[in-house]
>>> print(open('start-v5.txt').read())   # compact mmCIF, N, CA and C atoms
# COMPACT_ATOMS: atom_id res chain seq x y z
N MET B 220 -13.53 -0.84 -5.54
CA MET B 220 -12.87 -1.26 -4.31
C MET B 220 -12.26 -2.64 -4.53
N GLU B 221 -11.08 -2.81 -3.97
CA GLU B 221 -10.41 -4.11 -4.04
C GLU B 221 -10.05 -4.56 -2.63
N LYS B 222 -10.08 -5.85 -2.43
CA LYS B 222 -9.63 -6.43 -1.17
C LYS B 222 -8.45 -7.33 -1.48
N ASN B 223 -7.48 -7.31 -0.57
CA ASN B 223 -6.32 -8.20 -0.70
C ASN B 223 -5.63 -8.05 -2.05
N PHE B 224 -5.25 -6.80 -2.36
CA PHE B 224 -4.53 -6.49 -3.60
C PHE B 224 -3.09 -6.97 -3.43
N VAL B 225 -2.75 -8.04 -4.13
CA VAL B 225 -1.46 -8.71 -3.97
C VAL B 225 -0.47 -8.22 -5.01
N THR B 226 0.74 -7.91 -4.54
CA THR B 226 1.84 -7.49 -5.41
C THR B 226 3.09 -8.25 -4.99
N PRO B 227 4.17 -8.15 -5.75
CA PRO B 227 5.42 -8.77 -5.31
C PRO B 227 5.97 -8.15 -4.01
N PHE B 228 5.46 -6.97 -3.65
CA PHE B 228 5.96 -6.25 -2.46
C PHE B 228 5.13 -6.52 -1.22
N GLY B 229 4.01 -7.18 -1.39
CA GLY B 229 3.11 -7.44 -0.27
C GLY B 229 1.67 -7.20 -0.70
N GLU B 230 0.82 -7.13 0.27
CA GLU B 230 -0.61 -7.06 0.02
C GLU B 230 -1.21 -5.83 0.69
N ALA B 231 -2.07 -5.12 -0.04
CA ALA B 231 -2.88 -4.05 0.55
C ALA B 231 -4.19 -4.70 0.97
N ASP B 232 -4.56 -4.51 2.23
CA ASP B 232 -5.78 -5.14 2.73
C ASP B 232 -7.01 -4.65 1.97
N ILE B 233 -7.10 -3.34 1.78
CA ILE B 233 -8.24 -2.74 1.09
C ILE B 233 -7.74 -1.57 0.24
N ILE B 234 -8.28 -1.45 -0.96
CA ILE B 234 -8.11 -0.23 -1.75
C ILE B 234 -9.52 0.26 -2.05
N ALA B 235 -9.82 1.44 -1.53
CA ALA B 235 -11.15 2.03 -1.71
C ALA B 235 -10.99 3.38 -2.38
N ARG B 236 -12.07 3.89 -2.89
CA ARG B 236 -12.04 5.21 -3.53
C ARG B 236 -12.91 6.17 -2.73
N ALA B 237 -12.31 7.25 -2.29
CA ALA B 237 -13.04 8.27 -1.52
C ALA B 237 -13.93 9.08 -2.46
N ARG B 238 -14.83 9.82 -1.89
CA ARG B 238 -15.76 10.65 -2.69
C ARG B 238 -15.03 11.64 -3.59
N ASP B 239 -13.87 12.11 -3.13
CA ASP B 239 -13.12 13.09 -3.93
C ASP B 239 -12.28 12.44 -5.02
N GLY B 240 -12.37 11.11 -5.17
CA GLY B 240 -11.63 10.41 -6.21
C GLY B 240 -10.29 9.86 -5.77
N THR B 241 -9.88 10.16 -4.55
CA THR B 241 -8.61 9.66 -4.03
C THR B 241 -8.72 8.16 -3.74
N TYR B 242 -7.70 7.42 -4.15
CA TYR B 242 -7.65 6.00 -3.82
C TYR B 242 -7.00 5.86 -2.44
N CYS B 243 -7.64 5.10 -1.58
CA CYS B 243 -7.18 4.91 -0.20
C CYS B 243 -6.67 3.49 -0.05
N LEU B 244 -5.37 3.37 0.20
CA LEU B 244 -4.79 2.08 0.50
C LEU B 244 -4.86 1.91 2.00
N VAL B 245 -5.64 0.93 2.44
CA VAL B 245 -5.94 0.78 3.86
C VAL B 245 -5.26 -0.46 4.42
N GLU B 246 -4.47 -0.25 5.45
CA GLU B 246 -3.87 -1.34 6.22
C GLU B 246 -4.78 -1.59 7.42
N VAL B 247 -5.26 -2.81 7.55
CA VAL B 247 -6.12 -3.18 8.68
C VAL B 247 -5.27 -3.90 9.71
N LYS B 248 -5.29 -3.38 10.92
CA LYS B 248 -4.57 -4.00 12.04
C LYS B 248 -5.54 -4.24 13.17
N ALA B 249 -5.59 -5.46 13.67
CA ALA B 249 -6.51 -5.81 14.74
C ALA B 249 -5.76 -6.46 15.89
N ARG B 250 -6.22 -6.16 17.08
CA ARG B 250 -5.65 -6.75 18.30
C ARG B 250 -6.79 -7.04 19.26
N THR B 251 -6.60 -8.06 20.08
CA THR B 251 -7.55 -8.37 21.14
C THR B 251 -6.79 -8.46 22.45
N GLY B 252 -7.52 -8.34 23.54
CA GLY B 252 -6.87 -8.42 24.85
C GLY B 252 -6.13 -7.15 25.16
N ASP B 253 -5.04 -7.28 25.89
CA ASP B 253 -4.23 -6.13 26.30
C ASP B 253 -2.91 -6.19 25.54
N PRO B 254 -2.88 -5.63 24.32
CA PRO B 254 -1.69 -5.79 23.48
C PRO B 254 -0.51 -4.97 24.00
N MET B 255 0.67 -5.49 23.75
CA MET B 255 1.88 -4.74 24.07
C MET B 255 2.07 -3.60 23.07
N VAL B 256 1.59 -3.80 21.85
CA VAL B 256 1.71 -2.80 20.79
C VAL B 256 0.30 -2.51 20.28
N LEU B 257 -0.08 -1.23 20.24
CA LEU B 257 -1.38 -0.85 19.70
C LEU B 257 -1.42 -1.15 18.21
N PRO B 258 -2.60 -1.39 17.66
CA PRO B 258 -2.68 -1.73 16.23
C PRO B 258 -1.99 -0.72 15.33
N VAL B 259 -2.20 0.55 15.57
CA VAL B 259 -1.61 1.58 14.70
C VAL B 259 -0.08 1.60 14.81
N GLU B 260 0.45 1.23 15.98
CA GLU B 260 1.90 1.19 16.16
C GLU B 260 2.54 0.01 15.43
N ALA B 261 1.73 -0.94 15.02
CA ALA B 261 2.24 -2.12 14.33
C ALA B 261 2.57 -1.84 12.87
N VAL B 262 2.22 -0.66 12.39
CA VAL B 262 2.56 -0.28 11.02
C VAL B 262 3.94 0.37 11.07
N THR B 263 4.93 -0.46 10.91
CA THR B 263 6.33 -0.07 11.05
C THR B 263 6.82 0.70 9.84
N PRO B 264 7.99 1.34 9.94
CA PRO B 264 8.57 1.99 8.76
C PRO B 264 8.74 1.03 7.58
N GLN B 265 9.08 -0.22 7.85
CA GLN B 265 9.23 -1.21 6.78
C GLN B 265 7.89 -1.48 6.10
N LYS B 266 6.82 -1.57 6.89
CA LYS B 266 5.47 -1.78 6.34
C LYS B 266 5.05 -0.58 5.50
N ARG B 267 5.39 0.62 5.97
CA ARG B 267 5.06 1.83 5.22
C ARG B 267 5.77 1.84 3.87
N GLU B 268 7.02 1.45 3.86
CA GLU B 268 7.78 1.41 2.60
C GLU B 268 7.17 0.38 1.65
N ARG B 269 6.76 -0.77 2.18
CA ARG B 269 6.10 -1.77 1.34
C ARG B 269 4.81 -1.20 0.74
N TYR B 270 4.07 -0.43 1.53
CA TYR B 270 2.84 0.18 1.02
C TYR B 270 3.13 1.18 -0.09
N ARG B 271 4.23 1.88 0.01
CA ARG B 271 4.62 2.81 -1.06
C ARG B 271 4.87 2.04 -2.37
N MET B 272 5.52 0.89 -2.25
CA MET B 272 5.79 0.07 -3.43
C MET B 272 4.49 -0.54 -3.96
N ILE B 273 3.60 -0.93 -3.07
CA ILE B 273 2.29 -1.44 -3.48
C ILE B 273 1.54 -0.35 -4.24
N ALA B 274 1.63 0.89 -3.76
CA ALA B 274 0.96 2.02 -4.43
C ALA B 274 1.50 2.21 -5.84
N LYS B 275 2.81 2.11 -6.01
CA LYS B 275 3.40 2.23 -7.34
C LYS B 275 2.88 1.13 -8.27
N THR B 276 2.76 -0.08 -7.74
CA THR B 276 2.23 -1.19 -8.53
C THR B 276 0.78 -0.94 -8.90
N PHE B 277 0.00 -0.39 -7.96
CA PHE B 277 -1.40 -0.08 -8.23
C PHE B 277 -1.52 0.97 -9.34
N CYS B 278 -0.70 2.01 -9.28
CA CYS B 278 -0.72 3.04 -10.33
C CYS B 278 -0.35 2.45 -11.67
N ALA B 279 0.63 1.55 -11.68
CA ALA B 279 1.02 0.89 -12.93
C ALA B 279 -0.15 0.08 -13.49
N LYS B 280 -0.88 -0.58 -12.62
CA LYS B 280 -2.05 -1.35 -13.05
C LYS B 280 -3.11 -0.42 -13.63
N MET B 281 -3.27 0.77 -13.03
CA MET B 281 -4.26 1.74 -13.51
C MET B 281 -3.79 2.38 -14.82
N GLY B 282 -2.48 2.32 -15.10
CA GLY B 282 -1.94 2.90 -16.32
C GLY B 282 -1.65 4.39 -16.20
N LYS B 283 -1.70 4.93 -14.97
CA LYS B 283 -1.45 6.35 -14.75
C LYS B 283 -1.28 6.61 -13.25
N GLU B 284 -0.73 7.77 -12.96
CA GLU B 284 -0.65 8.20 -11.57
C GLU B 284 -2.06 8.61 -11.13
N VAL B 285 -2.46 8.16 -9.98
CA VAL B 285 -3.77 8.53 -9.43
C VAL B 285 -3.57 9.10 -8.03
N PRO B 286 -4.48 9.94 -7.57
CA PRO B 286 -4.34 10.48 -6.22
C PRO B 286 -4.49 9.35 -5.19
N LEU B 287 -3.52 9.29 -4.27
CA LEU B 287 -3.49 8.21 -3.28
C LEU B 287 -3.34 8.77 -1.87
N ARG B 288 -3.79 8.00 -0.92
CA ARG B 288 -3.46 8.26 0.48
C ARG B 288 -3.38 6.92 1.19
N PHE B 289 -2.68 6.93 2.31
CA PHE B 289 -2.48 5.72 3.09
C PHE B 289 -3.24 5.85 4.41
N ASP B 290 -4.18 4.94 4.64
CA ASP B 290 -5.00 4.95 5.84
C ASP B 290 -4.73 3.70 6.66
N ILE B 291 -5.07 3.78 7.94
CA ILE B 291 -4.98 2.62 8.82
C ILE B 291 -6.33 2.45 9.51
N ALA B 292 -6.86 1.23 9.45
CA ALA B 292 -8.04 0.85 10.21
C ALA B 292 -7.54 0.01 11.38
N ALA B 293 -7.62 0.57 12.57
CA ALA B 293 -7.10 -0.10 13.77
C ALA B 293 -8.27 -0.62 14.60
N VAL B 294 -8.29 -1.93 14.81
CA VAL B 294 -9.36 -2.56 15.59
C VAL B 294 -8.74 -3.09 16.88
N LEU B 295 -9.25 -2.60 17.99
CA LEU B 295 -8.77 -3.03 19.30
C LEU B 295 -9.96 -3.47 20.13
N ASN B 296 -10.02 -4.75 20.42
CA ASN B 296 -11.11 -5.32 21.21
C ASN B 296 -12.48 -4.94 20.65
N GLY B 297 -12.61 -4.99 19.33
CA GLY B 297 -13.89 -4.73 18.69
C GLY B 297 -14.20 -3.27 18.42
N THR B 298 -13.32 -2.36 18.81
CA THR B 298 -13.53 -0.93 18.56
C THR B 298 -12.65 -0.49 17.40
N LEU B 299 -13.26 0.20 16.44
CA LEU B 299 -12.55 0.63 15.24
C LEU B 299 -12.13 2.09 15.37
N ASP B 300 -10.87 2.36 15.12
CA ASP B 300 -10.35 3.72 14.94
C ASP B 300 -9.81 3.77 13.52
N TYR B 301 -10.20 4.83 12.79
CA TYR B 301 -9.79 4.95 11.40
C TYR B 301 -8.94 6.20 11.25
N PHE B 302 -7.74 6.02 10.69
CA PHE B 302 -6.79 7.12 10.55
C PHE B 302 -6.56 7.40 9.07
N GLU B 303 -7.08 8.53 8.59
CA GLU B 303 -6.83 8.95 7.21
C GLU B 303 -5.46 9.61 7.13
N ASN B 304 -4.82 9.44 5.99
CA ASN B 304 -3.47 10.03 5.78
C ASN B 304 -2.55 9.67 6.95
N ALA B 305 -2.54 8.40 7.31
CA ALA B 305 -1.79 7.95 8.47
C ALA B 305 -0.28 8.08 8.27
N PHE B 306 0.16 8.03 7.02
CA PHE B 306 1.58 8.21 6.71
C PHE B 306 1.71 8.62 5.26
N LEU B 307 2.89 9.11 4.92
CA LEU B 307 3.16 9.55 3.55
C LEU B 307 3.93 8.50 2.77
>>> encode(input="start-v5.txt", output="structure tokens")
Amino acid sequence: MEKNFVTPFGEADIIARARDGTYCLVEVKARTGDPMVLPVEAVTPQKRERYRMIAKTFCAKMGKEVPLRFDIAAVLNGTLDYFENAFL
């Protein structure tokens, strides 16, 4: 598991490995109070594209293509919702 995986394209908050061997690039979004935008809605198309580039950098670091998925951990007022395969 890695935290704050930094690349020229941005940073992945968490990279974890699922039981099936899939690497999960997790974007953590947190909000407090009554947000205008829910945490999961804050992952814009531009952020998704950056995560795709981060994934390519991660595979290059691993030296091979590895199974990947993109997840979102959304925290709203202390409550966690976790979305597996949140985007492609």
>>> residues_around(input="start-v5.txt", residues="B:Val247", least_positions_apart="5", cutoff="10 Å", atoms="only C-alpha atoms", output="PyMOL selection string")
chain B and resi 231-233+258-259+262+290-294+299+301
>>> residues_around(input="start-v5.txt", residues="stretch 223-226 of chain B", least_positions_apart="6", cutoff="8 Å", atoms="only N, CA and C atoms", output="list in words")
Asp232, Ile233, Ile234, Met272, Ile273, Thr276 and Phe277 of chain B
>>> atom_distance(input="start-v5.txt", atom1="atom CA of B:Asn304", atom2="atom C of B:Phe289")
4.4 Å
>>> atom_distance(input="start-v5.txt", atom1="atom CA of B:Pro286", atom2="atom N of B:Arg238")
11.4 Å
>>> closest_residue(input="start-v5.txt", among="B:Met220, B:Leu287, B:Ala261, B:Leu307", to="B:Leu244", atoms="all atoms listed in the file")
B:Leu287
>>> atom_distance(input="start-v5.txt", atom1="atom N of B:Tyr270", atom2="atom CA of B:Lys248")
14.1 Å
>>> select_by_dssp(input="start-v5.txt", residues="chain B", states="strand (DSSP E or B)", output="PyMOL selection string")
chain B and resi 221-226+229-236+242-250+287-295+298-306
>>> select_by_dssp(input="start-v5.txt", residues="stretch 271-303 of chain B", states="helix (DSSP H, G or I)", output="list in words")
Arg271, Met272, Ile273, Ala274, Lys275, Thr276, Phe277, Cys278, Ala279, Lys280 and Met281 of chain B
